[in-house]
file entry_26.cif (mmCIF, C-alpha atoms and all ligand atoms)
data_entry
#
loop_
_atom_site.group_PDB
_atom_site.id
_atom_site.type_symbol
_atom_site.label_atom_id
_atom_site.label_comp_id
_atom_site.auth_asym_id
_atom_site.auth_seq_id
_atom_site.Cartn_x
_atom_site.Cartn_y
_atom_site.Cartn_z
ATOM 1 C CA MET T 40 -0.774 -0.183 -25.313
ATOM 2 C CA ALA T 41 1.075 -2.059 -22.558
ATOM 3 C CA SER T 42 -0.830 -2.327 -19.287
ATOM 4 C CA LEU T 43 0.134 -0.278 -16.230
ATOM 5 C CA ALA T 44 3.407 -1.528 -14.657
ATOM 6 C CA LEU T 45 3.126 -1.908 -10.883
ATOM 7 C CA GLY T 46 5.902 -2.224 -8.331
ATOM 8 C CA VAL T 47 4.552 -3.677 -5.078
ATOM 9 C CA LEU T 48 6.433 -3.211 -1.802
ATOM 10 C CA VAL T 49 5.703 -5.644 1.010
ATOM 11 C CA SER T 50 7.094 -6.476 4.435
ATOM 12 C CA GLY T 51 4.896 -9.386 5.448
ATOM 13 C CA ARG T 52 2.176 -11.813 4.503
ATOM 14 C CA GLY T 53 1.163 -9.988 1.325
ATOM 15 C CA SER T 54 -2.575 -10.640 1.274
ATOM 16 C CA ASN T 55 -3.146 -7.257 -0.394
ATOM 17 C CA LEU T 56 -0.548 -8.222 -2.995
ATOM 18 C CA GLN T 57 -2.550 -11.423 -3.530
ATOM 19 C CA SER T 58 -5.761 -9.442 -4.040
ATOM 20 C CA ILE T 59 -4.012 -7.442 -6.775
ATOM 21 C CA ILE T 60 -2.671 -10.616 -8.412
ATOM 22 C CA ASP T 61 -6.196 -12.093 -8.287
ATOM 23 C CA ALA T 62 -7.863 -8.967 -9.711
ATOM 24 C CA ILE T 63 -5.414 -8.955 -12.627
ATOM 25 C CA ALA T 64 -6.096 -12.670 -13.240
ATOM 26 C CA ALA T 65 -9.854 -12.039 -13.081
ATOM 27 C CA GLY T 66 -9.584 -9.222 -15.612
ATOM 28 C CA THR T 67 -11.009 -6.568 -13.274
ATOM 29 C CA LEU T 68 -7.632 -4.820 -13.012
ATOM 30 C CA ASP T 69 -5.829 -3.907 -16.208
ATOM 31 C CA ALA T 70 -2.217 -3.890 -14.993
ATOM 32 C CA HIS T 71 0.755 -6.154 -14.484
ATOM 33 C CA ILE T 72 3.105 -6.491 -11.554
ATOM 34 C CA ALA T 73 6.616 -5.783 -12.841
ATOM 35 C CA VAL T 74 8.306 -6.526 -9.508
ATOM 36 C CA VAL T 75 7.646 -7.212 -5.827
ATOM 37 C CA ILE T 76 10.268 -5.798 -3.454
ATOM 38 C CA SER T 77 10.659 -6.456 0.254
ATOM 39 C CA ASN T 78 12.813 -5.197 3.099
ATOM 40 C CA LYS T 79 12.231 -8.539 4.867
ATOM 41 C CA GLU T 80 13.798 -11.687 3.507
ATOM 42 C CA GLU T 81 11.145 -13.919 5.095
ATOM 43 C CA ALA T 82 8.157 -11.884 3.823
ATOM 44 C CA PHE T 83 5.532 -14.314 2.531
ATOM 45 C CA GLY T 84 4.690 -11.722 -0.112
ATOM 46 C CA LEU T 85 7.956 -12.644 -1.875
ATOM 47 C CA GLU T 86 6.786 -16.280 -1.987
ATOM 48 C CA ARG T 87 3.447 -15.239 -3.430
ATOM 49 C CA ALA T 88 5.267 -13.322 -6.150
ATOM 50 C CA LYS T 89 7.471 -16.290 -7.051
ATOM 51 C CA THR T 90 4.487 -18.665 -7.078
ATOM 52 C CA ASN T 91 2.863 -16.381 -9.630
ATOM 53 C CA GLY T 92 5.938 -15.984 -11.820
ATOM 54 C CA ILE T 93 6.557 -12.392 -10.705
ATOM 55 C CA SER T 94 10.086 -11.066 -10.064
ATOM 56 C CA ALA T 95 10.709 -11.001 -6.312
ATOM 57 C CA VAL T 96 13.533 -8.884 -4.924
ATOM 58 C CA TYR T 97 14.761 -8.719 -1.339
ATOM 59 C CA ILE T 98 16.781 -5.611 -0.529
ATOM 60 C CA ASP T 99 18.548 -5.987 2.799
ATOM 61 C CA PRO T 100 18.543 -2.723 4.807
ATOM 62 C CA LYS T 101 21.537 -3.751 6.966
ATOM 63 C CA PRO T 102 24.431 -2.768 4.643
ATOM 64 C CA PHE T 103 22.966 0.744 4.370
ATOM 65 C CA LYS T 104 23.280 1.337 8.125
ATOM 66 C CA GLU T 105 26.940 2.318 7.643
ATOM 67 C CA GLN T 106 26.010 5.215 5.360
ATOM 68 C CA PRO T 107 25.514 8.820 6.599
ATOM 69 C CA ASN T 108 21.783 8.745 5.685
ATOM 70 C CA PRO T 109 20.779 5.088 5.932
ATOM 71 C CA ARG T 110 17.095 5.577 5.079
ATOM 72 C CA GLU T 111 17.796 7.724 2.022
ATOM 73 C CA ALA T 112 20.533 5.362 0.867
ATOM 74 C CA TYR T 113 18.172 2.403 1.183
ATOM 75 C CA ASP T 114 15.430 4.228 -0.706
ATOM 76 C CA HIS T 115 17.879 5.050 -3.511
ATOM 77 C CA ALA T 116 18.506 1.316 -3.881
ATOM 78 C CA VAL T 117 14.776 0.524 -3.926
ATOM 79 C CA LEU T 118 14.209 3.315 -6.450
ATOM 80 C CA ALA T 119 16.920 1.993 -8.716
ATOM 81 C CA ALA T 120 15.305 -1.450 -8.634
ATOM 82 C CA LEU T 121 11.830 -0.050 -9.368
ATOM 83 C CA LYS T 122 13.164 1.961 -12.286
ATOM 84 C CA SER T 123 15.077 -0.990 -13.702
ATOM 85 C CA TYR T 124 11.762 -2.875 -13.886
ATOM 86 C CA GLY T 125 10.020 0.056 -15.584
ATOM 87 C CA VAL T 126 7.565 0.607 -12.729
ATOM 88 C CA GLU T 127 4.951 3.339 -13.322
ATOM 89 C CA LEU T 128 2.945 3.113 -10.084
ATOM 90 C CA VAL T 129 4.286 2.066 -6.677
ATOM 91 C CA ILE T 130 1.951 0.129 -4.395
ATOM 92 C CA LEU T 131 2.775 -0.022 -0.689
ATOM 93 C CA ALA T 132 1.065 -3.165 0.556
ATOM 94 C CA GLY T 133 1.905 -3.707 4.208
ATOM 95 C CA TYR T 134 5.310 -2.088 3.676
ATOM 96 C CA MET T 135 6.388 -1.300 7.211
ATOM 97 C CA ARG T 136 9.094 1.267 6.543
ATOM 98 C CA ILE T 137 8.820 5.021 6.513
ATOM 99 C CA VAL T 138 9.598 6.149 2.984
ATOM 100 C CA THR T 139 11.885 9.164 2.607
ATOM 101 C CA SER T 140 11.503 12.268 0.449
ATOM 102 C CA VAL T 141 14.000 10.698 -1.987
ATOM 103 C CA PHE T 142 11.396 8.127 -2.812
ATOM 104 C CA ILE T 143 8.307 10.307 -2.534
ATOM 105 C CA SER T 144 9.605 12.994 -4.891
ATOM 106 C CA ALA T 145 10.662 10.400 -7.484
ATOM 107 C CA PHE T 146 7.152 8.889 -7.494
ATOM 108 C CA GLU T 147 5.107 11.961 -6.580
ATOM 109 C CA SER T 148 1.404 11.223 -7.166
ATOM 110 C CA LYS T 149 2.496 7.785 -8.415
ATOM 111 C CA MET T 150 2.599 5.943 -5.115
ATOM 112 C CA MET T 151 -0.330 4.529 -3.114
ATOM 113 C CA ASN T 152 -0.674 3.058 0.346
ATOM 114 C CA ILE T 153 -3.407 1.156 2.134
ATOM 115 C CA HIS T 154 -4.077 1.624 5.820
ATOM 116 C CA PRO T 155 -6.510 -0.292 8.076
ATOM 117 C CA SER T 156 -8.471 2.683 9.419
ATOM 118 C CA LEU T 157 -10.600 5.517 8.162
ATOM 119 C CA LEU T 158 -7.819 8.096 7.907
ATOM 120 C CA PRO T 159 -7.101 10.618 9.284
ATOM 121 C CA SER T 160 -8.195 8.595 12.338
ATOM 122 C CA PHE T 161 -5.712 6.106 13.729
ATOM 123 C CA PRO T 162 -2.560 6.467 11.620
ATOM 124 C CA GLY T 163 0.544 4.480 12.553
ATOM 125 C CA LEU T 164 0.836 1.001 13.986
ATOM 126 C CA HIS T 165 -2.011 -1.181 15.288
ATOM 127 C CA ALA T 166 -4.763 0.913 13.723
ATOM 128 C CA GLN T 167 -7.420 -1.725 14.444
ATOM 129 C CA LYS T 168 -6.467 -1.856 18.130
ATOM 130 C CA GLN T 169 -6.498 1.941 18.278
ATOM 131 C CA ALA T 170 -10.093 1.896 16.960
ATOM 132 C CA LEU T 171 -11.104 -0.634 19.642
ATOM 133 C CA ASP T 172 -9.288 1.271 22.405
ATOM 134 C CA TRP T 173 -11.090 4.473 21.426
ATOM 135 C CA GLY T 174 -14.447 2.735 21.377
ATOM 136 C CA ALA T 175 -14.988 3.743 17.765
ATOM 137 C CA LYS T 176 -18.309 2.437 16.431
ATOM 138 C CA VAL T 177 -17.073 2.443 12.843
ATOM 139 C CA SER T 178 -13.646 1.847 11.388
ATOM 140 C CA GLY T 179 -12.456 0.621 7.984
ATOM 141 C CA CYS T 180 -9.669 1.141 5.513
ATOM 142 C CA THR T 181 -8.251 3.841 3.289
ATOM 143 C CA VAL T 182 -6.288 3.881 0.037
ATOM 144 C CA HIS T 183 -4.392 7.141 -0.372
ATOM 145 C CA PHE T 184 -1.575 8.719 -2.321
ATOM 146 C CA VAL T 185 1.670 8.843 -0.383
ATOM 147 C CA THR T 186 3.029 12.176 0.798
ATOM 148 C CA GLU T 187 5.657 13.052 3.413
ATOM 149 C CA GLY T 188 3.537 12.449 6.528
ATOM 150 C CA MET T 189 2.954 8.895 7.739
ATOM 151 C CA ASP T 190 -0.406 7.500 6.536
ATOM 152 C CA GLU T 191 -1.252 10.894 5.081
ATOM 153 C CA GLY T 192 -1.900 12.094 1.558
ATOM 154 C CA PRO T 193 -4.957 12.562 -0.666
ATOM 155 C CA ILE T 194 -7.576 9.905 0.051
ATOM 156 C CA ILE T 195 -8.624 7.844 -2.976
ATOM 157 C CA LEU T 196 -11.106 5.277 -1.629
ATOM 158 C CA GLN T 197 -12.382 4.256 1.777
ATOM 159 C CA SER T 198 -14.602 1.487 3.054
ATOM 160 C CA ALA T 199 -16.349 1.607 6.424
ATOM 161 C CA VAL T 200 -16.722 -1.422 8.688
ATOM 162 C CA PRO T 201 -18.866 -1.421 11.848
ATOM 163 C CA VAL T 202 -17.063 -2.166 15.094
ATOM 164 C CA LEU T 203 -19.090 -4.856 16.848
ATOM 165 C CA LYS T 204 -19.584 -5.164 20.598
ATOM 166 C CA ASP T 205 -17.577 -8.381 20.877
ATOM 167 C CA ASP T 206 -14.886 -7.504 18.358
ATOM 168 C CA THR T 207 -11.279 -8.327 19.133
ATOM 169 C CA ASP T 208 -8.261 -6.976 17.320
ATOM 170 C CA GLU T 209 -8.330 -10.162 15.211
ATOM 171 C CA THR T 210 -12.013 -10.233 14.276
ATOM 172 C CA LEU T 211 -12.043 -6.543 13.382
ATOM 173 C CA SER T 212 -8.815 -6.908 11.381
ATOM 174 C CA VAL T 213 -10.297 -9.774 9.351
ATOM 175 C CA ARG T 214 -13.405 -7.777 8.414
ATOM 176 C CA ILE T 215 -11.347 -4.701 7.529
ATOM 177 C CA LEU T 216 -8.958 -6.831 5.464
ATOM 178 C CA GLU T 217 -11.841 -8.130 3.317
ATOM 179 C CA GLN T 218 -12.578 -4.526 2.396
ATOM 180 C CA GLU T 219 -8.887 -3.766 1.790
ATOM 181 C CA HIS T 220 -8.810 -6.571 -0.758
ATOM 182 C CA ARG T 221 -11.775 -5.020 -2.546
ATOM 183 C CA ILE T 222 -10.785 -1.349 -2.637
ATOM 184 C CA TYR T 223 -7.032 -1.586 -3.358
ATOM 185 C CA PRO T 224 -7.396 -3.179 -6.817
ATOM 186 C CA GLU T 225 -10.305 -0.796 -7.505
ATOM 187 C CA ALA T 226 -8.162 2.265 -6.672
ATOM 188 C CA ILE T 227 -5.353 1.018 -8.929
ATOM 189 C CA GLN T 228 -7.819 0.460 -11.762
ATOM 190 C CA LEU T 229 -9.125 4.029 -11.365
ATOM 191 C CA TYR T 230 -5.542 5.279 -11.563
ATOM 192 C CA GLY T 231 -4.915 3.226 -14.694
ATOM 193 C CA GLU T 232 -8.024 4.702 -16.286
ATOM 194 C CA GLY T 233 -6.624 8.196 -15.602
ATOM 195 C CA ARG T 234 -9.606 9.030 -13.401
ATOM 196 C CA LEU T 235 -7.800 10.171 -10.235
ATOM 197 C CA ILE T 236 -7.321 13.920 -10.122
ATOM 198 C CA ILE T 237 -5.415 15.301 -7.155
ATOM 199 C CA GLU T 238 -6.573 18.715 -5.990
ATOM 200 C CA GLY T 239 -4.675 19.801 -2.891
ATOM 201 C CA ARG T 240 -5.379 17.204 -0.210
ATOM 202 C CA ARG T 241 -8.356 15.789 -2.116
ATOM 203 C CA THR T 242 -8.611 13.246 -4.889
ATOM 204 C CA GLN T 243 -11.475 13.760 -7.319
ATOM 205 C CA ILE T 244 -12.681 10.680 -9.169
ATOM 206 C CA ALA T 245 -13.597 11.545 -12.747
ATOM 207 C CA GLU T 246 -16.628 9.910 -14.342
ATOM 208 C CA SER T 247 -15.908 6.917 -16.540
ATOM 209 C CA VAL T 248 -15.701 7.907 -20.195
ATOM 210 C CA LYS T 249 -16.873 4.451 -21.305
HETATM 211 C C1 LIG N 1 -2.797 -4.463 6.009
HETATM 212 O O1 LIG N 1 -3.836 -4.531 6.955
HETATM 213 C C2 LIG N 1 -2.462 -3.023 5.685
HETATM 214 O O2 LIG N 1 -3.588 -2.192 5.667
HETATM 215 C C3 LIG N 1 -1.528 -2.677 6.819
HETATM 216 O O3 LIG N 1 -0.726 -3.805 6.951
HETATM 217 C C4 LIG N 1 -1.482 -4.967 6.604
HETATM 218 C C5 LIG N 1 -0.681 -5.759 5.602
HETATM 219 O O4 LIG N 1 -1.319 -6.978 5.307
HETATM 220 N N1 LIG N 1 -0.754 -1.502 6.525
HETATM 221 C C6 LIG N 1 -0.485 -0.550 7.418
HETATM 222 O O5 LIG N 1 -0.796 -0.630 8.584
HETATM 223 C C7 LIG N 1 0.260 0.657 6.858
HETATM 224 N N2 LIG N 1 0.345 1.701 7.812
HETATM 225 P P1 LIG N 1 -0.887 -7.833 4.050
HETATM 226 O O6 LIG N 1 0.647 -8.002 4.155
HETATM 227 O O7 LIG N 1 -1.580 -9.137 4.245
HETATM 228 O O8 LIG N 1 -1.297 -7.099 2.823
#
call {"tool": "encode", "arguments": {"input": "entry_26.cif", "output": "structure tokens"}}
result
Amino acid sequence: MASLALGVLVSGRGSNLQSIIDAIAAGTLDAHIAVVISNKEEAFGLERAKTNGISAVYIDPKPFKEQPNPREAYDHAVLAALKSYGVELVILAGYMRIVTSVFISAFESKMMNIHPSLLPSFPGLHAQKQALDWGAKVSGCTVHFVTEGMDEGPIILQSAVPVLKDDTDETLSVRILEQEHRIYPEAIQLYGEGRLIIEGRRTQIAESVK
């Protein structure tokens, strides 16, 4: 049987994309990346895709601004691209756009996001700085299914990272990112094995049948 077809959406440097590419190459993730799509032409994630022989598509949001519902219109274009590449699971990897219901309903329970905090704490931008500003003693990262709310949806995996006394936004972000690179491929593998069962706002992880 063909391996799980991923469509990865990026807006920036794409280090999470790289961790997925690496896990596939290492044989710990049984999937292939059918396409990488970005809303930013300069996103380094597109370069990473090309370097690894993966289709890289930039979809410019500007032309859609003329339309009555620019966000929906843009998402229709992204959806069409994902479908044309036969994508089965959508991976948001530093994709800094709010996705509309057009998109979410088309890939309901088939779209994941990673966020650099222990959700539901610190959704939105600058999650690491929010953790520092609140004096949190522990932060981390979360992989979750995407639903309508921003950085919401059933939690799949989390990893906790202590916040150290001398941490800056940068040092904390680096330590959280290491964990992101570990748990995102793991969550995708669990999905591919059919072990993620959504029950309301929870995700149950079924035992391995191996
Ligand atoms: C990651 O830290 C990811 O968790 C965060 O953007 C960064 C992207 O890095 N995503 C969010 O904040 C989503 N709300 P990357 O481009 O190197 O993967």
call {"tool": "residues_near_point", "arguments": {"input": "entry_26.cif", "point": "(-6.0, -3.7, -8.5)", "cutoff": "8 Å", "atoms": "all atoms listed in the file", "output": "list in words"}}
result
Ser58, Ile59, Ile60, Ala62, Ile63, Thr67, Leu68, Asp69, Ala70, Ile222, Tyr223, Pro224, Glu225, Ala226, Ile227 and Gln228 of chain T
call {"tool": "resolve_selection", "arguments": {"input": "entry_26.cif", "expression": "the PyMOL selection byres (((chain T and resi 50) around 12) and not hetatm)", "output": "ChimeraX atom specification"}}
result
/T:47-49,51-56,75-86,96-99,131-137
call {"tool": "write_last_selection", "arguments": {"input": "entry_26.cif", "atoms": "C-alpha atoms", "output": "PDB file, in the frame of the given file"}}
result
ATOM      1  CA  VAL T  47       4.552  -3.677  -5.078  1.00  0.00           C
ATOM      2  CA  LEU T  48       6.433  -3.211  -1.802  1.00  0.00           C
ATOM      3  CA  VAL T  49       5.703  -5.644   1.010  1.00  0.00           C
ATOM      4  CA  GLY T  51       4.896  -9.386   5.448  1.00  0.00           C
ATOM      5  CA  ARG T  52       2.176 -11.813   4.503  1.00  0.00           C
ATOM      6  CA  GLY T  53       1.163  -9.988   1.325  1.00  0.00           C
ATOM      7  CA  SER T  54      -2.575 -10.640   1.274  1.00  0.00           C
ATOM      8  CA  ASN T  55      -3.146  -7.257  -0.394  1.00  0.00           C
ATOM      9  CA  LEU T  56      -0.548  -8.222  -2.995  1.00  0.00           C
ATOM     10  CA  VAL T  75       7.646  -7.212  -5.827  1.00  0.00           C
ATOM     11  CA  ILE T  76      10.268  -5.798  -3.454  1.00  0.00           C
ATOM     12  CA  SER T  77      10.659  -6.456   0.254  1.00  0.00           C
ATOM     13  CA  ASN T  78      12.813  -5.197   3.099  1.00  0.00           C
ATOM     14  CA  LYS T  79      12.231  -8.539   4.867  1.00  0.00           C
ATOM     15  CA  GLU T  80      13.798 -11.687   3.507  1.00  0.00           C
ATOM     16  CA  GLU T  81      11.145 -13.919   5.095  1.00  0.00           C
ATOM     17  CA  ALA T  82       8.157 -11.884   3.823  1.00  0.00           C
ATOM     18  CA  PHE T  83       5.532 -14.314   2.531  1.00  0.00           C
ATOM     19  CA  GLY T  84       4.690 -11.722  -0.112  1.00  0.00           C
ATOM     20  CA  LEU T  85       7.956 -12.644  -1.875  1.00  0.00           C
ATOM     21  CA  GLU T  86       6.786 -16.280  -1.987  1.00  0.00           C
ATOM     22  CA  VAL T  96      13.533  -8.884  -4.924  1.00  0.00           C
ATOM     23  CA  TYR T  97      14.761  -8.719  -1.339  1.00  0.00           C
ATOM     24  CA  ILE T  98      16.781  -5.611  -0.529  1.00  0.00           C
ATOM     25  CA  ASP T  99      18.548  -5.987   2.799  1.00  0.00           C
ATOM     26  CA  LEU T 131       2.775  -0.022  -0.689  1.00  0.00           C
ATOM     27  CA  ALA T 132       1.065  -3.165   0.556  1.00  0.00           C
ATOM     28  CA  GLY T 133       1.905  -3.707   4.208  1.00  0.00           C
ATOM     29  CA  TYR T 134       5.310  -2.088   3.676  1.00  0.00           C
ATOM     30  CA  MET T 135       6.388  -1.300   7.211  1.00  0.00           C
ATOM     31  CA  ARG T 136       9.094   1.267   6.543  1.00  0.00           C
ATOM     32  CA  ILE T 137       8.820   5.021   6.513  1.00  0.00           C
TER      33      ILE T 137
END
call {"tool": "atom_distance", "arguments": {"input": "entry_26.cif", "atom1": "atom CA of T:Asn91", "atom2": "atom O8 of ligand LIG 1 (chain N)"}}
result
16.1 Å
call {"tool": "residues_near_point", "arguments": {"input": "entry_26.cif", "point": "(1.9, 8.5, 4.7)", "cutoff": "10 Å", "atoms": "only C-alpha atoms", "output": "count of residues only"}}
result
20
call {"tool": "resolve_selection", "arguments": {"input": "entry_26.cif", "expression": "the PyMOL selection byres (((chain T and resi 237-246) around 7) and not hetatm)", "output": "number ranges by chain"}}
result
T: 192-195, 234-236, 247-248
call {"tool": "atom_distance", "arguments": {"input": "entry_26.cif", "atom1": "atom CA of T:Lys122", "atom2": "atom CA of T:Arg221"}}
result
27.7 Å
call {"tool": "closest_residue", "arguments": {"input": "entry_26.cif", "among": "T:Val177, T:Leu164, T:Ala170, T:Leu43", "to": "ligand LIG 1 (chain N)", "atoms": "all atoms listed in the file"}}
result
T:Leu164
call {"tool": "axis_aligned_box", "arguments": {"input": "entry_26.cif", "around": "ligand LIG 1 (chain N)", "padding_each_side": "3 Å", "output": "AutoDock Vina command-line options"}}
result
--center_x -1.6 --center_y -3.7 --center_z 5.7 --size_x 10.5 --size_y 16.8 --size_z 11.8
call {"tool": "residues_around", "arguments": {"input": "entry_26.cif", "residues": "T:Gln167", "least_positions_apart": "3", "cutoff": "9 Å", "atoms": "all atoms listed in the file", "output": "VMD selection string"}}
result
chain T and resid 155 to 156 161 164 170 to 172 178 to 179 207 to 209 211 to 212 215
call {"tool": "atom_distance", "arguments": {"input": "entry_26.cif", "atom1": "atom CA of T:Leu121", "atom2": "atom CA of T:Glu147"}}
result
14.0 Å
call {"tool": "closest_residue", "arguments": {"input": "entry_26.cif", "among": "T:Thr181, T:Ser42, T:Ser160, T:Ser148", "to": "ligand LIG 1 (chain N)", "atoms": "only C-alpha atoms and all ligand atoms"}}
result
T:Thr181
call {"tool": "closest_residue", "arguments": {"input": "entry_26.cif", "among": "T:Gly46, T:Pro100, T:Pro159, T:Pro109", "to": "T:Glu127", "atoms": "all atoms listed in the file"}}
result
T:Gly46
call {"tool": "closest_residue", "arguments": {"input": "entry_26.cif", "among": "T:Leu128, T:Ala44, T:Leu196, T:Leu216", "to": "ligand LIG 1 (chain N)", "atoms": "all atoms listed in the file"}}
result
T:Leu216
call {"tool": "closest_residue", "arguments": {"input": "entry_26.cif", "among": "T:Ser140, T:Pro102, T:Ala64, T:Arg87", "to": "ligand LIG 1 (chain N)", "atoms": "only C-alpha atoms and all ligand atoms"}}
result
T:Arg87
call {"tool": "closest_residue", "arguments": {"input": "entry_26.cif", "among": "T:Gln106, T:Gln57, T:Val141, T:Lys176", "to": "ligand LIG 1 (chain N)", "atoms": "all atoms listed in the file"}}
result
T:Gln57
call {"tool": "build_atoms", "arguments": {"input": "entry_26.cif", "residues": "stretch 119-127 of chain T", "atoms": "all heavy atoms", "output": "CSV table (one decimal), keeping the file's coordinate frame"}}
result
chain,number,residue,atom,x,y,z
T,119,ALA,N,16.2,2.5,-7.6
T,119,ALA,CA,16.9,2.0,-8.7
T,119,ALA,C,16.3,0.7,-9.2
T,119,ALA,O,16.1,0.5,-10.4
T,119,ALA,CB,18.4,1.8,-8.3
T,120,ALA,N,15.9,-0.2,-8.3
T,120,ALA,CA,15.3,-1.4,-8.6
T,120,ALA,C,14.0,-1.2,-9.3
T,120,ALA,O,13.7,-1.8,-10.4
T,120,ALA,CB,15.1,-2.3,-7.4
T,121,LEU,N,13.1,-0.3,-8.8
T,121,LEU,CA,11.8,0.0,-9.4
T,121,LEU,C,12.0,0.5,-10.8
T,121,LEU,O,11.3,0.1,-11.7
T,121,LEU,CB,11.1,1.0,-8.5
T,121,LEU,CG,10.6,0.5,-7.2
T,121,LEU,CD1,10.1,1.7,-6.3
T,121,LEU,CD2,9.4,-0.5,-7.3
T,122,LYS,N,13.0,1.4,-11.0
T,122,LYS,CA,13.2,2.0,-12.3
T,122,LYS,C,13.7,0.9,-13.3
T,122,LYS,O,13.3,0.9,-14.4
T,122,LYS,CB,14.1,3.2,-12.2
T,122,LYS,CG,13.4,4.3,-11.5
T,122,LYS,CD,14.1,5.6,-11.6
T,122,LYS,CE,13.1,6.7,-11.1
T,122,LYS,NZ,13.8,7.9,-10.7
T,123,SER,N,14.5,0.0,-12.8
T,123,SER,CA,15.1,-1.0,-13.7
T,123,SER,C,14.0,-1.9,-14.2
T,123,SER,O,14.1,-2.5,-15.2
T,123,SER,CB,16.2,-1.8,-13.0
T,123,SER,OG,15.7,-2.7,-12.1
T,124,TYR,N,12.9,-2.0,-13.5
T,124,TYR,CA,11.8,-2.9,-13.9
T,124,TYR,C,10.7,-2.1,-14.6
T,124,TYR,O,9.6,-2.6,-14.9
T,124,TYR,CB,11.1,-3.6,-12.7
T,124,TYR,CG,12.0,-4.8,-12.3
T,124,TYR,CD1,13.0,-4.7,-11.3
T,124,TYR,CD2,11.7,-6.1,-12.9
T,124,TYR,CE1,13.7,-5.8,-10.9
T,124,TYR,CE2,12.5,-7.2,-12.5
T,124,TYR,CZ,13.5,-7.0,-11.5
T,124,TYR,OH,14.2,-8.2,-11.2
T,125,GLY,N,11.0,-0.8,-14.8
T,125,GLY,CA,10.0,0.1,-15.6
T,125,GLY,C,8.7,0.3,-14.9
T,125,GLY,O,7.7,0.5,-15.5
T,126,VAL,N,8.8,0.4,-13.5
T,126,VAL,CA,7.6,0.6,-12.7
T,126,VAL,C,7.0,2.0,-12.9
T,126,VAL,O,7.7,3.0,-12.9
T,126,VAL,CB,7.9,0.4,-11.2
T,126,VAL,CG1,6.7,0.9,-10.3
T,126,VAL,CG2,8.1,-1.1,-11.0
T,127,GLU,N,5.7,2.1,-13.1
T,127,GLU,CA,5.0,3.3,-13.3
T,127,GLU,C,4.2,3.8,-12.1
T,127,GLU,O,4.0,4.9,-11.9
T,127,GLU,CB,4.0,3.2,-14.5
T,127,GLU,CG,4.6,2.9,-15.8
T,127,GLU,CD,3.6,2.5,-16.9
T,127,GLU,OE1,3.1,1.4,-16.8
T,127,GLU,OE2,3.4,3.3,-17.8
